[in-house]
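Dumped run19.txt below, it's compact mmCIF, C-alpha atoms:
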```txt
# COMPACT_ATOMS: atom_id res chain seq x y z
CA MET E 1 -15.82 8.45 13.85
CA ARG E 2 -17.15 8.59 10.32
CA PRO E 3 -20.70 7.56 9.43
CA ALA E 4 -21.02 4.14 7.84
CA GLY E 5 -20.88 4.11 4.06
CA PHE E 6 -20.40 1.77 1.14
CA CYS E 7 -17.87 1.89 -1.65
CA PRO E 8 -19.74 0.91 -4.88
CA ASP E 9 -16.54 -0.18 -6.61
CA CYS E 10 -15.56 -2.65 -3.88
CA ASP E 11 -16.38 -6.34 -4.17
CA ASP E 12 -18.43 -7.61 -1.21
CA VAL E 13 -16.66 -10.94 -0.73
CA ASN E 14 -16.98 -13.09 2.37
CA ARG E 15 -13.43 -14.02 3.28
CA ARG E 16 -14.17 -17.63 4.19
CA ASP E 17 -15.99 -18.23 0.92
CA PHE E 18 -13.08 -16.54 -0.76
CA LEU E 19 -10.56 -18.78 0.96
CA LYS E 20 -12.48 -21.89 -0.04
CA ALA E 21 -12.99 -20.73 -3.62
CA THR E 22 -9.37 -19.80 -4.21
CA ALA E 23 -7.63 -22.62 -2.34
CA ALA E 24 -7.65 -24.92 -5.36
CA GLY E 25 -7.78 -22.33 -8.11
CA VAL E 26 -4.59 -20.48 -7.25
CA ALA E 27 -2.43 -23.36 -6.05
CA GLY E 28 -0.35 -23.25 -9.20
CA VAL E 29 -0.33 -19.50 -9.70
CA SER E 30 3.17 -18.03 -9.76
CA ALA E 31 4.25 -15.21 -7.48
CA LEU E 32 4.16 -12.65 -10.28
CA SER E 33 0.78 -13.59 -11.75
CA VAL E 34 -2.59 -11.84 -11.38
CA PRO E 35 -3.73 -11.96 -7.72
CA ALA E 36 -6.39 -14.45 -6.68
CA SER E 37 -8.99 -11.70 -6.22
CA ALA E 38 -8.64 -10.70 -9.86
CA LEU E 39 -9.06 -14.32 -10.95
CA LEU E 40 -12.37 -14.51 -9.10
CA ALA E 41 -13.54 -11.23 -10.63
CA GLY E 42 -12.72 -12.38 -14.16
CA GLN E 43 -10.03 -11.28 -16.58
CA PRO E 44 -8.35 -7.97 -15.72
CA LYS E 45 -9.16 -5.14 -18.05
CA LYS E 46 -6.63 -4.26 -20.69
CA ASP E 47 -3.97 -1.70 -19.95
CA THR E 48 -5.17 1.76 -20.94
CA PRO E 49 -2.30 3.83 -22.35
CA ARG E 50 -1.44 6.68 -19.99
CA ARG E 51 1.27 9.25 -19.98
CA LYS E 52 4.00 8.45 -17.50
CA SER E 53 3.32 9.96 -14.09
CA GLU E 54 6.80 11.51 -13.93
CA THR E 55 6.11 13.38 -17.20
CA LEU E 56 2.82 14.63 -15.80
CA VAL E 57 4.50 15.85 -12.60
CA ALA E 58 6.83 18.03 -14.68
CA GLN E 59 3.85 19.35 -16.62
CA PHE E 60 1.92 19.99 -13.40
CA TYR E 61 4.85 21.89 -11.92
CA GLN E 62 5.05 24.15 -14.96
CA THR E 63 1.43 25.21 -14.44
CA LEU E 64 1.97 26.34 -10.84
CA SER E 65 1.80 30.02 -10.04
CA ASP E 66 4.33 31.64 -7.71
CA GLU E 67 1.62 31.85 -5.05
CA GLN E 68 0.90 28.13 -5.33
CA LYS E 69 4.59 27.26 -5.16
CA GLN E 70 4.97 29.25 -1.97
CA LYS E 71 2.38 27.00 -0.35
CA MET E 72 3.41 23.56 -1.61
CA ALA E 73 6.85 23.58 -3.25
CA PHE E 74 9.96 22.83 -1.19
CA PRO E 75 13.67 22.10 -1.63
CA PHE E 76 14.33 18.45 -2.47
CA ASP E 77 16.07 17.73 0.85
CA HIS E 78 13.28 19.19 3.00
CA GLU E 79 12.57 16.89 5.99
CA LEU E 80 8.85 16.86 5.22
CA ARG E 81 9.49 14.79 2.09
CA SER E 82 10.05 11.54 4.02
CA ALA E 83 7.03 11.88 6.34
CA VAL E 84 4.04 9.51 6.28
CA ASP E 85 0.85 9.06 8.30
CA ASN E 86 -2.54 7.40 8.10
CA ASN E 87 -4.67 10.56 7.89
CA TRP E 88 -2.82 13.77 7.15
CA HIS E 89 -2.28 16.65 4.78
CA ILE E 90 1.29 17.38 3.82
CA THR E 91 0.38 21.03 3.09
CA LYS E 92 -2.58 23.29 3.79
CA VAL E 93 -3.65 23.48 0.16
CA ARG E 94 -6.45 21.21 -1.09
CA LEU E 95 -6.69 19.96 -4.61
CA GLY E 96 -10.36 20.85 -4.97
CA LYS E 97 -10.13 24.50 -3.92
CA ASP E 98 -6.58 25.71 -4.51
CA PHE E 99 -5.90 24.41 -8.02
CA THR E 100 -7.39 24.91 -11.45
CA GLY E 101 -9.42 22.29 -13.24
CA GLU E 102 -6.46 21.53 -15.51
CA GLN E 103 -4.16 21.07 -12.52
CA GLN E 104 -6.67 18.83 -10.78
CA GLU E 105 -6.91 16.63 -13.86
CA LEU E 106 -3.13 16.37 -14.08
CA VAL E 107 -2.92 15.25 -10.44
CA ARG E 108 -5.70 12.74 -11.04
CA GLU E 109 -3.76 11.25 -13.96
CA ILE E 110 -0.54 11.22 -11.94
CA PHE E 111 -2.31 9.30 -9.20
CA LEU E 112 -3.96 6.81 -11.55
CA GLY E 113 -0.67 6.23 -13.33
CA LEU E 114 0.98 5.14 -10.07
CA HIS E 115 -1.37 2.15 -9.93
CA SER E 116 -1.94 -0.93 -12.05
CA PRO E 117 -4.72 -0.87 -14.65
CA GLU E 118 -6.59 -3.56 -12.68
CA TYR E 119 -6.73 -1.47 -9.50
CA ALA E 120 -6.36 2.22 -10.45
CA ASP E 121 -10.07 3.03 -10.60
CA LYS E 122 -10.83 1.06 -7.44
CA VAL E 123 -8.09 2.83 -5.51
CA LEU E 124 -9.31 6.23 -6.69
CA ALA E 125 -12.85 5.29 -5.60
CA GLN E 126 -11.49 4.18 -2.20
CA VAL E 127 -9.75 7.52 -1.64
CA ALA E 128 -12.88 9.40 -2.66
CA HIS E 129 -15.06 7.27 -0.39
CA ASP E 130 -12.82 7.62 2.66
CA SER E 131 -12.47 11.39 2.25
CA ASP E 132 -16.19 11.97 1.57
CA SER E 133 -15.39 13.53 -1.79
CA LYS E 134 -16.00 12.84 -5.46
CA GLY E 135 -12.36 12.09 -6.13
CA LEU E 136 -9.16 13.68 -4.89
CA GLU E 137 -10.66 17.03 -3.91
CA ASP E 138 -9.63 16.73 -0.26
CA ALA E 139 -6.09 15.57 -1.06
CA ALA E 140 -3.05 17.74 -0.36
CA VAL E 141 0.00 17.77 -2.61
CA ALA E 142 3.60 18.90 -2.35
CA VAL E 143 6.50 19.02 -4.78
CA PHE E 144 10.10 18.74 -3.63
CA GLY E 145 12.86 19.84 -5.98
CA THR E 146 12.25 20.89 -9.57
CA PRO E 147 10.72 18.28 -11.88
CA GLY E 148 12.32 18.12 -15.30
CA THR E 149 15.59 19.72 -14.26
CA GLY E 150 16.94 17.49 -11.49
CA LYS E 151 15.90 15.55 -8.45
CA PHE E 152 12.25 15.86 -7.52
CA GLU E 153 9.43 14.16 -5.67
CA PHE E 154 5.67 14.65 -5.88
CA VAL E 155 3.71 13.61 -2.79
CA LEU E 156 -0.08 13.28 -2.43
CA THR E 157 -1.67 12.72 0.97
CA GLY E 158 -5.06 12.54 2.65
CA ARG E 159 -7.15 10.11 4.65
CA HIS E 160 -5.84 6.60 4.02
CA VAL E 161 -3.45 7.68 1.29
CA THR E 162 0.19 8.67 0.88
CA ARG E 163 1.61 8.25 -2.63
CA ARG E 164 4.89 9.37 -4.16
CA CYS E 165 6.32 9.91 -7.61
CA ASP E 166 10.05 10.61 -7.76
CA GLY E 167 11.47 9.39 -11.06
CA ASP E 168 14.03 7.39 -9.05
CA SER E 169 15.36 10.60 -7.51
CA VAL E 170 15.36 9.05 -4.05
CA ALA E 171 18.22 6.56 -4.25
CA GLY E 172 17.57 3.06 -2.96
CA ALA E 173 13.97 3.60 -1.89
CA ALA E 174 10.97 1.78 -3.33
CA PHE E 175 8.07 4.14 -4.12
CA GLY E 176 10.42 7.05 -3.37
CA GLY E 177 9.94 6.52 0.37
CA PRO E 178 7.29 5.28 2.83
CA ILE E 179 3.71 5.03 1.59
CA PHE E 180 0.37 4.34 3.23
CA TYR E 181 -2.89 2.84 2.03
CA GLY E 182 -6.08 1.84 3.81
CA HIS E 183 -9.84 1.60 3.58
CA ALA E 184 -12.82 1.91 5.90
CA ALA E 185 -15.41 0.37 3.59
CA GLN E 186 -18.52 0.27 5.78
CA GLY E 187 -17.71 2.39 8.77
CA PHE E 188 -14.88 2.88 11.23
CA ASN E 189 -15.29 -0.51 12.93
CA GLU E 190 -15.41 -3.14 10.22
CA LYS E 191 -17.00 -6.57 10.60
CA PRO E 192 -14.74 -9.63 10.88
CA ASP E 193 -15.05 -10.37 7.15
CA HIS E 194 -14.38 -6.72 6.18
CA PRO E 195 -17.13 -6.57 3.52
CA GLY E 196 -16.39 -4.22 0.64
CA ASN E 197 -12.80 -3.54 1.67
CA ILE E 198 -10.71 -3.48 -1.50
CA TYR E 199 -7.55 -4.49 0.36
CA TRP E 200 -8.89 -7.36 2.45
CA TYR E 201 -7.92 -9.88 -0.22
CA GLN E 202 -4.31 -9.30 0.88
CA ALA E 203 -5.07 -10.57 4.39
CA VAL E 204 -6.89 -13.54 2.88
CA GLN E 205 -3.70 -14.47 1.04
CA ALA E 206 -1.52 -13.92 4.12
CA ASN E 207 -3.79 -16.18 6.17
CA LYS E 208 -3.24 -18.96 3.65
CA LEU E 209 0.36 -19.05 4.81
CA PHE E 210 -0.69 -19.25 8.46
CA ASP E 211 -3.08 -22.09 7.64
CA ALA E 212 -0.16 -23.95 6.05
CA LEU E 213 2.03 -23.71 9.17
CA ASP E 214 2.38 -26.57 11.63
CA GLY E 215 1.93 -26.17 15.38
CA LYS E 216 5.50 -25.20 16.22
CA GLN E 217 5.66 -22.78 13.29
CA ARG E 218 2.44 -21.12 14.43
CA GLU E 219 3.91 -20.55 17.87
CA LEU E 220 6.77 -18.64 16.25
CA ALA E 221 4.50 -16.69 13.93
CA LEU E 222 1.89 -15.58 16.49
CA ARG E 223 2.69 -12.42 18.45
CA THR E 224 0.95 -9.97 20.76
CA ASP E 225 3.26 -6.97 20.30
CA ALA E 226 2.16 -5.24 17.12
CA ARG E 227 3.77 -1.87 16.59
CA ASP E 228 1.83 1.27 17.46
CA GLU E 229 0.79 3.69 14.75
CA GLN E 230 3.01 6.72 15.33
CA GLY E 231 3.26 8.49 12.01
CA THR E 232 6.64 8.20 10.33
CA ASP E 233 8.03 6.27 13.32
CA THR E 234 5.64 3.44 12.43
CA VAL E 235 7.78 2.52 9.43
CA LYS E 236 11.14 2.78 11.15
CA LEU E 237 13.31 -0.05 9.87
CA GLY E 238 15.56 -2.35 11.85
CA GLY E 239 15.10 -3.65 15.36
CA GLU E 240 14.35 -7.16 16.51
CA PRO E 241 12.53 -9.12 13.79
CA GLN E 242 9.07 -10.42 14.68
CA GLY E 243 7.53 -13.73 13.73
CA ILE E 244 8.72 -16.81 11.90
CA PRO E 245 11.84 -16.61 9.71
CA VAL E 246 11.12 -17.37 6.06
CA ALA E 247 14.35 -19.40 6.10
CA GLU E 248 12.58 -21.97 8.31
CA LEU E 249 9.67 -22.48 5.90
CA SER E 250 9.26 -25.28 3.39
CA SER E 251 9.43 -24.53 -0.32
CA ASP E 252 5.61 -24.63 -0.56
CA GLN E 253 5.30 -22.25 2.37
CA LYS E 254 7.87 -19.89 0.87
CA GLN E 255 5.81 -19.85 -2.30
CA LEU E 256 2.85 -18.63 -0.24
CA VAL E 257 5.00 -15.78 1.08
CA ARG E 258 5.90 -14.87 -2.50
CA GLU E 259 2.25 -14.98 -3.48
CA THR E 260 1.45 -12.67 -0.57
CA MET E 261 4.11 -10.25 -1.81
CA ALA E 262 2.60 -10.42 -5.30
CA ASP E 263 -0.87 -9.66 -3.95
CA VAL E 264 0.17 -6.68 -1.83
CA LEU E 265 2.03 -5.25 -4.83
CA ALA E 266 -0.83 -5.84 -7.27
CA PRO E 267 -2.45 -2.37 -6.88
CA PHE E 268 0.74 -0.57 -7.92
CA ARG E 269 2.28 0.05 -11.33
CA LYS E 270 4.66 -2.59 -12.61
CA ALA E 271 7.78 -0.43 -12.39
CA ASP E 272 7.29 0.16 -8.66
CA ALA E 273 6.31 -3.45 -7.99
CA ASP E 274 9.39 -4.71 -9.82
CA GLU E 275 11.63 -2.34 -7.87
CA CYS E 276 10.13 -3.53 -4.58
CA LEU E 277 10.77 -7.17 -5.40
CA LYS E 278 14.30 -6.38 -6.56
CA LEU E 279 15.12 -4.62 -3.28
CA VAL E 280 13.52 -7.38 -1.19
CA GLU E 281 15.53 -10.03 -3.01
CA ALA E 282 18.69 -7.94 -2.62
CA GLY E 283 18.14 -7.93 1.13
CA GLY E 284 17.65 -11.70 1.13
CA PHE E 285 14.27 -13.35 0.79
CA ASP E 286 15.18 -15.89 3.48
CA LYS E 287 15.93 -13.03 5.88
CA LEU E 288 12.28 -11.99 5.92
CA HIS E 289 10.05 -12.70 8.92
CA MET E 290 6.27 -13.02 8.92
CA ALA E 291 4.17 -12.30 11.99
CA PHE E 292 0.47 -12.49 12.87
CA PHE E 293 -0.91 -10.67 15.91
CA LYS E 294 -3.43 -12.76 17.83
CA ASN E 295 -4.49 -10.03 20.28
CA MET E 296 -5.94 -7.93 17.44
CA ASP E 297 -8.37 -10.46 16.01
CA VAL E 298 -11.60 -8.78 14.90
CA GLY E 299 -14.47 -11.10 15.89
CA ASN E 300 -12.09 -13.56 17.62
CA ASP E 301 -12.45 -15.90 14.65
CA GLY E 302 -8.82 -16.97 14.25
CA VAL E 303 -8.48 -15.22 10.91
CA TRP E 304 -5.68 -12.77 11.59
CA ASP E 305 -6.54 -9.17 10.75
CA VAL E 306 -3.13 -7.78 11.66
CA TRP E 307 0.09 -9.15 10.19
CA GLN E 308 3.36 -8.03 8.71
CA ILE E 309 6.25 -8.99 6.49
CA GLN E 310 9.51 -7.64 7.88
CA GLY E 311 13.10 -7.70 6.70
CA PRO E 312 16.32 -5.87 7.56
CA ALA E 313 15.40 -3.10 5.11
CA MET E 314 11.69 -3.55 4.55
CA LEU E 315 8.33 -3.46 6.30
CA TRP E 316 4.83 -4.24 5.04
CA TYR E 317 2.55 -3.81 8.03
CA PHE E 318 -1.12 -4.65 7.44
CA ARG E 319 -3.34 -3.54 10.32
CA GLY E 320 -6.94 -4.65 9.77
CA ASP E 321 -8.24 -3.58 13.19
CA PRO E 322 -10.62 -1.70 13.32
CA HIS E 323 -10.36 -1.20 9.55
CA VAL E 324 -7.48 -1.54 7.12
CA HIS E 325 -4.34 0.57 7.59
CA THR E 326 -1.20 -0.48 5.73
CA TRP E 327 2.27 0.94 6.25
CA VAL E 328 5.00 0.27 3.69
CA HIS E 329 8.72 1.05 3.68
CA ILE E 330 11.22 -0.75 1.48
CA ARG E 331 14.80 0.33 0.96
CA GLU E 332 18.05 -0.93 -0.49
CA PRO E 333 19.77 -3.11 2.12
CA LYS E 334 22.76 -1.62 3.86
CA GLN E 335 26.05 -3.09 2.76
CA ALA E 336 28.17 -4.66 5.48
```

Let me see the file written as structure tokens.
Amino acid sequence: MRPAGFCPDCDDVNRRDFLKATAAGVAGVSALSVPASALLAGQPKKDTPRRKSETLVAQFYQTLSDEQKQKMAFPFDHELRSAVDNNWHITKVRLGKDFTGEQQELVREIFLGLHSPEYADKVLAQVAHDSDSKGLEDAAVAVFGTPGTGKFEFVLTGRHVTRRCDGDSVAGAAFGGPIFYGHAAQGFNEKPDHPGNIYWYQAVQANKLFDALDGKQRELALRTDARDEQGTDTVKLGGEPQGIPVAELSSDQKQLVRETMADVLAPFRKADADECLKLVEAGGFDKLHMAFFKNMDVGNDGVWDVWQIQGPAMLWYFRGDPHVHTWVHIREPKQA
């Protein structure tokens, strides 16, 4: 268990105050607009021009010595490329001790470029906070394939972080494969309102949908069989869908699902968010299911900390007990 700490870049927002404050203000916000949390915080900062992350990966690869490549460069089809976990290092090398200052800065810019301007700095601060470092020093990186000459994928991992950059080398996979994000803002066991957690706003939005359900719909949506966290197996697609089918929701309720999708995608760069939505729509928006897990309710307050959006070829599993872990896997739907 880690000692309690505070992330200075995280907004300390009580979720019930947040629900009340945003209920009226975001009623007319479209699914692709700025998330409610950003509206409360004020106007998002302007986009800062950055070099494309894929370009930086190629540049980073060119700086690697043969010794470094032996430790963290692999063939593109290596099985390790598709792995994901909540707290892991894909290789034994660490950014802060095994790479030059120039290489560290390149990786930092790659990471920032994978996120939206509104969230990039907050996400970097979250990773630093959860790894007890100043930035990405404790992160591990791997490169699969050869950037700039063919298929490739760059993967960065650590505590509460798995990010990928593949230049669309991995066919039919959003983000280039499964990703993970999380936050333990004020200790391992967070309070019911998850103060300071930069991702809790996503659960606030998801709970708006639950609040809009009628009694029979809530019976379908509430479950007690949340999936276990088992590394890459956690994001295995398929199986029996859990929760209420989106097809059975009203148009207003479906809009809340779309707003939830917009909020969970808000931290990521537009190209990846757009690809996710495209793949979800290709699989059929009405084929999605949404579930809330009542046996994992921090504080027993009826505000669901654990929930998921699931489709035939997608999973967004938000596990806010005891702190936030989020597992994501979205692929192109299989053709019949």

Residue contacts of stretch 97-114 of chain E (7 Å, all atoms listed in the file) excluding same-chain residues fewer than 3 positions away, as a PyMOL selection string: chain E and resi 50+52-53+56-57+60+93-94+120+268-269

Gap from atom CA of E:Arg227 to atom CA of E:Val303 - Å, one decimal: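 Taking atom CA of E:Arg227 as the start and atom CA of E:Val303 as the end point, the length is 19.0 Å.
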
Atomic separation - atom CA of E:Trp88 relative to atom CA of E:Met261, Å: 26.6 Å

Kindly indicate which residue among E:Ala203, E:Thr260, E:Asp130, E:Gly148 lies nearest to E:Phe188, using only C-alpha atoms for the distances.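 The closest residue to E:Phe188 is E:Asp130.
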
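Using all atoms listed in the file, the smallest distance between any of E:Asp321, E:Asp132, E:Glu67, E:Asp263 and E:Ala206 comes from E:Asp263.
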
Cut-off 12 Å around (-2.6, 10.5, 4.7) with all atoms listed in the file: residues as a PDB file with C-alpha atoms, keeping the file's coordinate frame:
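Final file, result.pdb:
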```pdb
ATOM      1  CA  ALA E  83       7.030  11.880   6.340  1.00  0.00           C
ATOM      2  CA  VAL E  84       4.040   9.510   6.280  1.00  0.00           C
ATOM      3  CA  ASP E  85       0.850   9.060   8.300  1.00  0.00           C
ATOM      4  CA  ASN E  86      -2.540   7.400   8.100  1.00  0.00           C
ATOM      5  CA  ASN E  87      -4.670  10.560   7.890  1.00  0.00           C
ATOM      6  CA  TRP E  88      -2.820  13.770   7.150  1.00  0.00           C
ATOM      7  CA  HIS E  89      -2.280  16.650   4.780  1.00  0.00           C
ATOM      8  CA  ILE E  90       1.290  17.380   3.820  1.00  0.00           C
ATOM      9  CA  THR E  91       0.380  21.030   3.090  1.00  0.00           C
ATOM     10  CA  VAL E 127      -9.750   7.520  -1.640  1.00  0.00           C
ATOM     11  CA  ASP E 130     -12.820   7.620   2.660  1.00  0.00           C
ATOM     12  CA  SER E 131     -12.470  11.390   2.250  1.00  0.00           C
ATOM     13  CA  ASP E 138      -9.630  16.730  -0.260  1.00  0.00           C
ATOM     14  CA  ALA E 139      -6.090  15.570  -1.060  1.00  0.00           C
ATOM     15  CA  ALA E 140      -3.050  17.740  -0.360  1.00  0.00           C
ATOM     16  CA  VAL E 141       0.000  17.770  -2.610  1.00  0.00           C
ATOM     17  CA  VAL E 155       3.710  13.610  -2.790  1.00  0.00           C
ATOM     18  CA  LEU E 156      -0.080  13.280  -2.430  1.00  0.00           C
ATOM     19  CA  THR E 157      -1.670  12.720   0.970  1.00  0.00           C
ATOM     20  CA  GLY E 158      -5.060  12.540   2.650  1.00  0.00           C
ATOM     21  CA  ARG E 159      -7.150  10.110   4.650  1.00  0.00           C
ATOM     22  CA  HIS E 160      -5.840   6.600   4.020  1.00  0.00           C
ATOM     23  CA  VAL E 161      -3.450   7.680   1.290  1.00  0.00           C
ATOM     24  CA  THR E 162       0.190   8.670   0.880  1.00  0.00           C
ATOM     25  CA  ARG E 163       1.610   8.250  -2.630  1.00  0.00           C
ATOM     26  CA  ARG E 164       4.890   9.370  -4.160  1.00  0.00           C
ATOM     27  CA  PRO E 178       7.290   5.280   2.830  1.00  0.00           C
ATOM     28  CA  ILE E 179       3.710   5.030   1.590  1.00  0.00           C
ATOM     29  CA  PHE E 180       0.370   4.340   3.230  1.00  0.00           C
ATOM     30  CA  TYR E 181      -2.890   2.840   2.030  1.00  0.00           C
ATOM     31  CA  GLY E 182      -6.080   1.840   3.810  1.00  0.00           C
ATOM     32  CA  HIS E 183      -9.840   1.600   3.580  1.00  0.00           C
ATOM     33  CA  GLY E 231       3.260   8.490  12.010  1.00  0.00           C
ATOM     34  CA  THR E 232       6.640   8.200  10.330  1.00  0.00           C
ATOM     35  CA  HIS E 325      -4.340   0.570   7.590  1.00  0.00           C
ATOM     36  CA  THR E 326      -1.200  -0.480   5.730  1.00  0.00           C
ATOM     37  CA  TRP E 327       2.270   0.940   6.250  1.00  0.00           C
TER      38      TRP E 327
END
```

Proximity to E:His78 - best of E:Gly145, E:Gly239, E:Gly311, E:Gly215, only C-alpha atoms: E:Gly145
